[in-house]
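Novice: Just one file: protein-v6.cif, with mmCIF, C-alpha atoms and all ligand atoms.
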```
data_run
loop_
_atom_site.label_atom_id
_atom_site.label_comp_id
_atom_site.auth_asym_id
_atom_site.auth_seq_id
_atom_site.Cartn_x
_atom_site.Cartn_y
_atom_site.Cartn_z
CA MET M 21 -6.55 23.82 3.17
CA ALA M 22 -7.45 20.57 4.99
CA LYS M 23 -5.59 20.03 8.24
CA PHE M 24 -3.71 16.80 8.97
CA ALA M 25 -2.41 15.24 12.19
CA VAL M 26 0.43 12.75 11.76
CA ILE M 27 0.96 9.75 14.03
CA LEU M 28 4.39 8.12 13.96
CA PRO M 29 4.35 4.79 15.85
CA ALA M 30 7.83 4.11 17.30
CA ALA M 31 6.87 2.05 20.35
CA GLY M 32 7.75 -1.41 19.04
CA SER M 33 10.40 -3.70 20.48
CA SER M 34 12.57 -3.90 17.31
CA SER M 35 13.03 -7.62 17.99
CA ARG M 36 14.17 -8.43 14.44
CA PHE M 37 16.55 -5.47 14.45
CA LYS M 38 18.72 -7.21 17.05
CA ASP M 39 20.94 -4.28 17.96
CA PRO M 40 22.40 -4.15 21.47
CA HIS M 41 22.33 -0.33 21.59
CA TYR M 42 19.38 0.92 19.59
CA LYS M 43 15.77 0.19 18.77
CA LYS M 44 15.35 0.90 15.07
CA PRO M 45 13.44 4.23 15.22
CA PHE M 46 16.26 5.67 17.33
CA ALA M 47 19.24 4.24 15.42
CA PRO M 48 21.49 6.71 13.60
CA LEU M 49 20.96 7.07 9.83
CA ALA M 50 22.81 9.71 7.78
CA ASN M 51 23.56 11.91 10.80
CA ARG M 52 20.23 11.77 12.54
CA ALA M 53 17.90 9.26 14.18
CA VAL M 54 15.60 7.26 11.88
CA TRP M 55 12.45 8.78 13.44
CA ILE M 56 13.66 12.32 12.79
CA HIS M 57 13.96 11.57 9.05
CA SER M 58 10.35 10.33 9.11
CA ALA M 59 9.08 13.28 11.14
CA GLU M 60 10.82 15.90 9.01
CA ARG M 61 8.94 15.00 5.86
CA PHE M 62 5.73 16.06 7.63
CA LEU M 63 7.02 18.95 9.73
CA ASN M 64 7.91 20.83 6.55
CA ARG M 65 4.29 20.88 5.37
CA GLY M 66 1.81 23.71 5.75
CA ASP M 67 -1.13 21.28 5.95
CA VAL M 68 0.23 19.37 8.99
CA VAL M 69 -1.02 20.81 12.28
CA GLN M 70 0.33 18.14 14.64
CA VAL M 71 2.95 15.39 14.70
CA ILE M 72 2.62 12.76 17.42
CA LEU M 73 5.50 10.36 18.06
CA VAL M 74 4.50 7.21 19.98
CA ILE M 75 7.24 5.66 22.11
CA ALA M 76 7.32 2.75 24.55
CA LYS M 77 6.98 3.54 28.25
CA ALA M 78 10.24 1.68 28.87
CA ASP M 79 12.06 4.00 26.41
CA ARG M 80 10.80 7.25 27.96
CA ASP M 81 13.84 8.15 30.10
CA ASP M 82 16.38 7.29 27.44
CA PHE M 83 14.31 9.12 24.81
CA ASN M 84 14.06 12.27 26.92
CA PHE M 85 17.78 12.20 27.61
CA LYS M 86 18.68 11.96 23.92
CA PHE M 87 15.90 13.83 22.17
CA ALA M 88 14.29 16.38 24.54
CA SER M 89 15.81 19.29 22.61
CA ASN M 90 14.68 17.86 19.24
CA VAL M 91 11.16 17.46 20.59
CA ALA M 92 11.09 21.06 21.79
CA ILE M 93 12.52 22.52 18.56
CA LEU M 94 10.41 20.37 16.26
CA GLY M 95 7.27 21.05 18.32
CA ILE M 96 6.05 17.45 18.29
CA ASP M 97 3.90 15.64 20.85
CA VAL M 98 5.20 12.44 22.44
CA VAL M 99 2.82 9.82 23.81
CA GLU M 100 3.33 6.37 25.29
CA GLY M 101 2.25 3.38 23.22
CA GLY M 102 1.06 -0.12 24.00
CA ALA M 103 1.81 -3.80 23.47
CA GLU M 104 0.56 -3.99 19.86
CA ARG M 105 1.02 -1.41 17.13
CA GLY M 106 -2.74 -0.82 17.16
CA ASP M 107 -2.58 0.02 20.86
CA SER M 108 0.12 2.58 20.10
CA VAL M 109 -1.98 4.20 17.36
CA GLU M 110 -5.01 4.21 19.64
CA ALA M 111 -3.05 6.05 22.36
CA ALA M 112 -2.16 8.75 19.82
CA LEU M 113 -5.72 9.05 18.48
CA ALA M 114 -6.78 10.04 22.00
CA ARG M 115 -4.45 13.04 21.76
CA LEU M 116 -5.49 14.56 18.43
CA LYS M 117 -5.80 18.34 18.32
CA PRO M 118 -9.39 19.49 17.79
CA GLU M 119 -8.56 21.16 14.47
CA ALA M 120 -7.17 18.00 12.80
CA GLU M 121 -9.59 16.90 10.06
CA PHE M 122 -7.48 14.04 8.68
CA VAL M 123 -5.14 11.56 10.36
CA CYS M 124 -2.00 10.25 8.69
CA ILE M 125 -0.36 7.19 10.24
CA HIS M 126 3.22 6.48 9.20
CA ASP M 127 5.68 3.95 10.61
CA ALA M 128 8.55 5.81 12.25
CA ALA M 129 10.72 3.01 10.82
CA ARG M 130 10.05 4.14 7.18
CA PRO M 131 12.42 7.08 6.86
CA CYS M 132 12.84 7.09 3.05
CA LEU M 133 9.78 9.07 2.12
CA ALA M 134 9.41 11.59 -0.71
CA ASP M 135 7.24 14.71 -0.47
CA VAL M 136 5.44 13.89 -3.70
CA TRP M 137 4.14 10.56 -2.31
CA ILE M 138 2.78 12.37 0.72
CA ASP M 139 1.12 14.98 -1.53
CA ARG M 140 -0.63 12.25 -3.51
CA VAL M 141 -1.88 10.19 -0.56
CA PHE M 142 -3.08 13.35 1.23
CA GLU M 143 -4.99 14.39 -1.91
CA GLU M 144 -6.59 10.99 -2.37
CA ALA M 145 -7.65 10.84 1.30
CA GLN M 146 -9.44 14.16 0.84
CA ARG M 147 -11.24 12.78 -2.21
CA GLY M 148 -12.31 9.40 -0.82
CA GLY M 149 -11.84 9.45 2.95
CA ALA M 150 -9.14 6.74 3.10
CA ALA M 151 -5.95 6.29 1.05
CA ILE M 152 -2.78 4.28 1.50
CA LEU M 153 0.53 3.97 -0.31
CA ALA M 154 1.03 0.49 -1.76
CA ILE M 155 3.12 -1.25 -4.41
CA PRO M 156 2.16 -4.13 -6.71
CA VAL M 157 3.62 -7.47 -5.60
CA ALA M 158 6.60 -8.04 -7.90
CA ASN M 159 7.74 -11.52 -6.93
CA THR M 160 6.15 -14.94 -7.29
CA LEU M 161 4.30 -15.96 -4.14
CA LYS M 162 4.35 -19.51 -2.72
CA ARG M 163 2.20 -20.94 0.02
CA VAL M 164 4.44 -23.34 1.93
CA GLY M 165 3.50 -26.28 4.12
CA PRO M 166 5.41 -28.31 6.69
CA LYS M 167 9.03 -29.29 5.90
CA GLY M 168 9.32 -26.33 3.55
CA ARG M 169 7.27 -28.00 0.84
CA VAL M 170 5.53 -25.66 -1.63
CA GLU M 171 1.79 -26.25 -1.60
CA GLU M 172 0.82 -23.76 -4.25
CA THR M 173 1.82 -20.72 -6.22
CA VAL M 174 -0.46 -17.85 -5.31
CA SER M 175 -1.47 -15.60 -8.18
CA ARG M 176 -0.16 -12.09 -7.69
CA ASP M 177 -2.87 -10.69 -9.91
CA ARG M 178 -4.20 -7.49 -8.26
CA LEU M 179 -2.10 -8.12 -5.14
CA TYR M 180 -0.48 -5.09 -3.55
CA GLU M 181 1.84 -4.68 -0.60
CA ALA M 182 0.53 -2.07 1.81
CA GLN M 183 2.89 0.63 3.02
CA THR M 184 2.49 3.76 5.08
CA PRO M 185 1.52 6.64 5.08
CA GLN M 186 -2.10 5.57 5.50
CA VAL M 187 -4.40 8.57 5.65
CA PHE M 188 -8.02 8.76 6.80
CA SER M 189 -10.68 11.26 7.63
CA ARG M 190 -10.55 11.72 11.38
CA LYS M 191 -14.11 10.54 11.91
CA LEU M 192 -13.47 7.34 9.95
CA ILE M 193 -10.26 6.25 11.70
CA VAL M 194 -11.61 7.13 15.15
CA GLU M 195 -14.69 5.02 14.45
CA ALA M 196 -12.58 2.17 13.02
CA TYR M 197 -10.51 2.07 16.21
CA ALA M 198 -13.56 2.38 18.44
CA ARG M 199 -14.90 -0.78 16.79
CA ARG M 200 -11.57 -2.62 16.86
CA GLY M 201 -12.42 -4.83 19.82
CA GLY M 202 -9.91 -7.65 19.99
CA PHE M 203 -9.33 -7.70 16.22
CA ALA M 204 -5.63 -8.06 15.38
CA ALA M 205 -5.25 -5.92 12.26
CA THR M 206 -1.88 -5.86 10.50
CA ASP M 207 -2.40 -2.30 9.31
CA ASP M 208 -4.73 0.60 10.02
CA ALA M 209 -6.56 0.43 6.70
CA GLN M 210 -7.81 -3.05 7.54
CA LEU M 211 -9.86 -1.62 10.40
CA VAL M 212 -11.49 0.83 7.98
CA GLU M 213 -12.12 -1.95 5.42
CA ARG M 214 -13.94 -3.86 8.17
CA LEU M 215 -16.44 -1.00 8.36
CA GLY M 216 -17.17 -1.57 4.66
CA LYS M 217 -15.66 1.81 3.73
CA PRO M 218 -13.56 2.21 0.57
CA VAL M 219 -9.80 2.50 0.85
CA THR M 220 -7.90 3.68 -2.24
CA ILE M 221 -4.39 2.70 -3.26
CA VAL M 222 -1.86 5.37 -4.21
CA PRO M 223 1.31 4.09 -5.92
CA GLY M 224 4.17 3.92 -3.43
CA SER M 225 7.75 2.88 -4.10
CA PRO M 226 10.08 0.08 -3.01
CA VAL M 227 12.32 2.89 -1.73
CA ASN M 228 9.72 3.52 0.99
CA PHE M 229 10.57 0.28 2.75
CA LYS M 230 10.30 -0.39 6.47
CA ILE M 231 13.55 -0.90 8.36
CA THR M 232 13.37 -4.37 9.89
CA THR M 233 16.92 -5.69 10.26
CA ARG M 234 20.20 -3.94 10.93
CA GLU M 235 21.26 -4.51 7.32
CA ASP M 236 18.26 -2.42 6.27
CA LEU M 237 19.95 0.64 7.79
CA ARG M 238 22.67 0.51 5.16
CA LEU M 239 20.06 0.09 2.44
CA ALA M 240 18.16 3.07 3.85
CA GLU M 241 21.27 5.21 3.64
CA GLN M 242 21.44 4.46 -0.10
CA ALA M 243 17.67 4.83 -0.50
CA LEU M 244 17.78 8.35 0.94
CA LYS M 245 20.06 9.29 -1.96
CA ALA M 246 17.70 7.74 -4.51
CA LEU M 247 14.62 9.68 -3.39
CA PRO M 248 12.93 12.21 -5.65
CA LYS M 249 14.24 15.64 -4.68
CA PRO M 250 12.30 17.53 -2.01
CA LYS M 251 10.21 20.45 -3.19
CA LEU M 252 12.12 23.70 -3.35
CA ASP M 253 9.18 25.91 -2.44
CA ARG M 254 9.29 24.80 1.17
CA PRO M 255 11.34 26.67 3.75
CA ALA M 256 14.36 24.75 4.96
CA HIS M 257 13.76 23.10 8.28
CA PRO M 258 16.09 24.19 11.09
CA PHE M 259 17.45 20.64 11.21
CA ALA M 260 17.88 20.36 7.46
CA ASP M 261 21.46 20.28 6.33
CA ASP M 262 23.49 19.44 3.27
CA ASN M 263 23.62 15.81 4.26
CA MET M 264 19.90 15.39 4.10
CA TRP M 265 19.67 14.04 0.54
CA ARG M 266 23.28 12.97 0.27
N1 LIG Q 301 5.14 -0.13 16.78
C1 LIG Q 301 4.54 0.58 17.83
N2 LIG Q 301 4.00 -0.09 18.89
C2 LIG Q 301 4.02 -1.43 18.93
C3 LIG Q 301 4.60 -2.18 17.87
C4 LIG Q 301 5.14 -1.48 16.79
O1 LIG Q 301 4.52 1.81 17.79
N3 LIG Q 301 3.50 -2.05 20.00
C5 LIG Q 301 5.78 0.61 15.67
C6 LIG Q 301 7.26 0.26 15.48
O2 LIG Q 301 8.06 1.01 16.37
C7 LIG Q 301 7.49 0.57 14.02
C8 LIG Q 301 6.12 0.35 13.38
O3 LIG Q 301 5.17 0.28 14.45
O4 LIG Q 301 7.90 1.91 13.80
C9 LIG Q 301 6.08 -0.91 12.55
O5 LIG Q 301 6.25 -2.07 13.38
P1 LIG Q 301 7.42 -3.15 13.21
O6 LIG Q 301 8.19 -2.87 11.98
O7 LIG Q 301 6.85 -4.50 13.43
O8 LIG Q 301 8.39 -2.75 14.43
P2 LIG Q 301 8.70 -3.58 15.75
O9 LIG Q 301 7.46 -4.24 16.24
O10 LIG Q 301 9.41 -2.66 16.67
O11 LIG Q 301 9.78 -4.64 15.22
P3 LIG Q 301 9.72 -6.25 15.39
O12 LIG Q 301 8.39 -6.68 14.82
O13 LIG Q 301 10.91 -6.74 14.63
O14 LIG Q 301 9.82 -6.52 16.87
MG MG Q 302 6.45 -5.73 15.05
#
```
Would you mind writing the file's structure down as structure tokens?
Specialist:
Amino acid sequence: MAKFAVILPAAGSSSRFKDPHYKKPFAPLANRAVWIHSAERFLNRGDVVQVILVIAKADRDDFNFKFASNVAILGIDVVEGGAERGDSVEAALARLKPEAEFVCIHDAARPCLADVWIDRVFEEAQRGGAAILAIPVANTLKRVGPKGRVEETVSRDRLYEAQTPQVFSRKLIVEAYARRGGFAATDDAQLVERLGKPVTIVPGSPVNFKITTREDLRLAEQALKALPKPKLDRPAHPFADDNMWR
């Protein structure tokens, strides 16, 4: 069985979340922090050998105070991130266990993830070296100029919205980051595309959305209930409880 390391970037500033008490990965959602929902989907898997949570340096003390026991029980690694999301991922890549053959990068702020989507993107990454969840663009797209005036309608033909998890062979993603330079990528796959390597789409779901605003937390609570059921052949996680898929 191929071995996967999972990187969960949670070192952003949550500026659009605008909550006085919480940054979004640490906000409560259905009885646990958002990041724990995201981490759990991977911790239950036999093919995951490492989970690395990336937090901001400024959040370290508060994080330790609130989550030290979770970190110990879950057996995750915690590293400090950087100014841009790419810097945070890069910090985690430097801490990969030697046995990890593939690297899965998943926004800590996407807690509504189903096991079956992870299965599929892990499988496709093993086949082709790089695979990402994505959904076809459903709405009409407008390019807008000054004063809010529509300049054109952009065809949505073959357009997809990239999500996470994004999964790569270790060699490929390490090389992609080594060649990043000052390039400001908006996702990890873009750095692999720049090397001319194929990246394959695996159908995601609108349910796997990224929490951006505070209102999204309420949506996420509903989305958790709408997820495909977790597989029954996996042992219950010590933190799993009846509320998990409520
Ligand atoms: N992230 C990170 N390090 C950064 C920036 C972002 O680890 N320097 C993480 C976020 O914590 C989040 C994920 O990357 O889990 C996706 O980023 P985004 O949704 O943009 O989160 P924020 O940057 O925190 O939010 P905002 O853009 O509203 O400030
Ligand atoms: Mg951001």
Novice: For CA of Ala134 (chain M) and CA of Ile27 (chain M), quote the distance in Å rounded to one decimal.
Specialist: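 According to the coordinates, CA of Ala134 (chain M) and CA of Ile27 (chain M) are separated by 17.1 Å.
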Novice: Please provide the set of residues having any atom within 10 Å of Lys117 (chain M), restricted to all atoms listed in the file, with same-chain residues fewer than 5 positions apart removed, written as a PDB file with C-alpha atoms, in the coordinates of the input.
Specialist:
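And here's out_0.pdb as it stands now:
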```pdb
ATOM      1  CA  PHE M  24      -3.710  16.800   8.970  1.00  0.00           C
ATOM      2  CA  ALA M  25      -2.410  15.240  12.190  1.00  0.00           C
ATOM      3  CA  VAL M  69      -1.020  20.810  12.280  1.00  0.00           C
ATOM      4  CA  GLN M  70       0.330  18.140  14.640  1.00  0.00           C
ATOM      5  CA  VAL M  71       2.950  15.390  14.700  1.00  0.00           C
TER       6      VAL M  71
END
```
Novice: What is the distance, in Å and to one decimal place, between CA of Gln183 (chain M) and CA of Asp107 (chain M)?
Specialist: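 According to the coordinates, CA of Gln183 (chain M) and CA of Asp107 (chain M) are separated by 18.7 Å.
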Novice: Which polymer residues have any atom within 9 Å of an atom of Glu110 (chain M), counting only C-alpha atoms, with same-chain residues fewer than 6 positions away left out, as a ChimeraX atom specification?
Specialist: /M:101-102,194,197-198
Novice: Please identify the residues whose atoms come within 7 Å of ligand LIG 301 (chain Q), using all atoms listed in the file, and report them as a VMD selection string.
Specialist: chain M and resid 29 to 37 45 74 to 75 101 to 109 127 to 129 230 to 232
Novice: Kindly give the distance, in Å, that separates CA of Phe122 (chain M) and CA of Arg190 (chain M), rounded to a single decimal.
Specialist: 4.7 Å
Novice: Between M:Thr233, M:Phe203, M:Ala92, M:Glu119, which one has atoms that come closest to ligand MG 302 (chain Q), using all atoms listed in the file?
Specialist: M:Thr233
Novice: Smallest atom-to-atom distance to ligand MG 302 (chain Q): which of M:Ser58, M:Ser189, M:Thr206, M:Asp67, using all atoms listed in the file?
Specialist: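 That would be M:Thr206, the residue with the smallest distance to ligand MG 302 (chain Q).
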Novice: Which is closest to ligand MG 302 (chain Q) among M:Arg147, M:Asp236, M:Lys44, M:Lys23, if we use all atoms listed in the file?
Specialist: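 Looking only at the distances to ligand MG 302 (chain Q), the closest residue turns out to be M:Lys44.
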Novice: For a quick check of understanding, using all atoms listed in the file, which of M:Ser89, M:Ile72, M:Lys43, M:Asn228 has the smallest distance to ligand MG 302 (chain Q)?
Specialist: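 Of M:Ser89, M:Ile72, M:Lys43, M:Asn228, the one nearest ligand MG 302 (chain Q) is M:Lys43, counting all atoms listed in the file.
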Novice: Select, from M:Asp207, M:Asp39, M:Pro131, M:Arg115, the residue with the minimum atom-to-atom distance to ligand MG 302 (chain Q), counting only C-alpha atoms and all ligand atoms.
Specialist: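 Closest to ligand MG 302 (chain Q) of all the choices is M:Asp207.
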Novice: Can you complete the atoms of region 56-82 of chain M to N, CA, C and O atoms and list them as a short mmCIF file (atom, residue, chain, number, x, y, z; two decimals), in the coordinates of the input?
Specialist:
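Dumped everything to selection_15.cif:
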```cif
data_model
loop_
_atom_site.label_atom_id
_atom_site.label_comp_id
_atom_site.auth_asym_id
_atom_site.auth_seq_id
_atom_site.Cartn_x
_atom_site.Cartn_y
_atom_site.Cartn_z
N ILE M 56 13.60 10.90 13.16
CA ILE M 56 13.66 12.32 12.79
C ILE M 56 13.53 12.48 11.27
O ILE M 56 12.86 13.38 10.78
N HIS M 57 14.16 11.55 10.51
CA HIS M 57 13.96 11.57 9.05
C HIS M 57 12.46 11.48 8.73
O HIS M 57 11.95 12.22 7.88
N SER M 58 11.78 10.53 9.39
CA SER M 58 10.35 10.33 9.11
C SER M 58 9.56 11.57 9.49
O SER M 58 8.70 12.03 8.72
N ALA M 59 9.83 12.12 10.65
CA ALA M 59 9.08 13.28 11.14
C ALA M 59 9.29 14.51 10.25
O ALA M 59 8.35 15.26 9.98
N GLU M 60 10.51 14.69 9.79
CA GLU M 60 10.82 15.90 9.01
C GLU M 60 10.00 16.05 7.74
O GLU M 60 9.70 17.16 7.32
N ARG M 61 9.70 14.93 7.12
CA ARG M 61 8.94 15.00 5.86
C ARG M 61 7.56 15.62 6.10
O ARG M 61 6.95 16.16 5.19
N PHE M 62 7.06 15.52 7.30
CA PHE M 62 5.73 16.06 7.63
C PHE M 62 5.83 17.45 8.26
O PHE M 62 4.95 18.29 8.06
N LEU M 63 6.89 17.67 9.04
CA LEU M 63 7.02 18.95 9.73
C LEU M 63 7.21 20.10 8.76
O LEU M 63 6.91 21.25 9.07
N ASN M 64 7.70 19.80 7.56
CA ASN M 64 7.91 20.83 6.55
C ASN M 64 6.63 21.27 5.86
O ASN M 64 6.67 22.15 5.01
N ARG M 65 5.52 20.64 6.15
CA ARG M 65 4.29 20.88 5.37
C ARG M 65 3.36 21.90 6.04
O ARG M 65 3.16 21.84 7.25
N GLY M 66 2.76 22.72 5.23
CA GLY M 66 1.81 23.71 5.75
C GLY M 66 0.48 23.10 6.17
O GLY M 66 -0.27 23.69 6.94
N ASP M 67 0.17 21.89 5.63
CA ASP M 67 -1.13 21.28 5.95
C ASP M 67 -1.07 20.36 7.17
O ASP M 67 -2.09 19.76 7.54
N VAL M 68 0.10 20.22 7.80
CA VAL M 68 0.23 19.37 8.99
C VAL M 68 0.16 20.24 10.24
O VAL M 68 0.97 21.15 10.41
N VAL M 69 -0.83 19.98 11.09
CA VAL M 69 -1.02 20.81 12.28
C VAL M 69 -0.49 20.14 13.55
O VAL M 69 -0.42 20.77 14.61
N GLN M 70 -0.13 18.86 13.45
CA GLN M 70 0.33 18.14 14.64
C GLN M 70 1.11 16.90 14.22
O GLN M 70 0.68 16.19 13.30
N VAL M 71 2.22 16.65 14.89
CA VAL M 71 2.95 15.39 14.70
C VAL M 71 3.07 14.72 16.08
O VAL M 71 3.53 15.35 17.04
N ILE M 72 2.59 13.50 16.15
CA ILE M 72 2.62 12.76 17.42
C ILE M 72 3.55 11.56 17.27
O ILE M 72 3.31 10.68 16.43
N LEU M 73 4.60 11.52 18.05
CA LEU M 73 5.50 10.36 18.06
C LEU M 73 5.06 9.45 19.21
O LEU M 73 4.86 9.93 20.34
N VAL M 74 4.91 8.16 18.93
CA VAL M 74 4.50 7.21 19.98
C VAL M 74 5.71 6.37 20.37
O VAL M 74 6.31 5.70 19.52
N ILE M 75 6.08 6.43 21.63
CA ILE M 75 7.24 5.66 22.11
C ILE M 75 6.80 4.70 23.22
O ILE M 75 5.74 4.88 23.83
N ALA M 76 7.62 3.70 23.48
CA ALA M 76 7.32 2.75 24.55
C ALA M 76 7.60 3.39 25.90
O ALA M 76 8.53 4.20 26.04
N LYS M 77 6.79 3.03 26.88
CA LYS M 77 6.98 3.54 28.25
C LYS M 77 8.41 3.27 28.72
O LYS M 77 9.06 4.13 29.30
N ALA M 78 8.90 2.08 28.41
CA ALA M 78 10.24 1.68 28.87
C ALA M 78 11.35 2.54 28.24
O ALA M 78 12.46 2.62 28.77
N ASP M 79 11.04 3.19 27.11
CA ASP M 79 12.06 4.00 26.41
C ASP M 79 12.03 5.46 26.82
O ASP M 79 12.85 6.26 26.37
N ARG M 80 11.05 5.84 27.67
CA ARG M 80 10.80 7.25 27.96
C ARG M 80 12.04 7.99 28.48
O ARG M 80 12.42 9.03 27.94
N ASP M 81 12.71 7.44 29.48
CA ASP M 81 13.84 8.15 30.10
C ASP M 81 14.98 8.33 29.10
O ASP M 81 15.53 9.43 28.95
N ASP M 82 15.31 7.25 28.42
CA ASP M 82 16.38 7.29 27.44
C ASP M 82 16.03 8.27 26.31
O ASP M 82 16.88 9.06 25.86
#
```
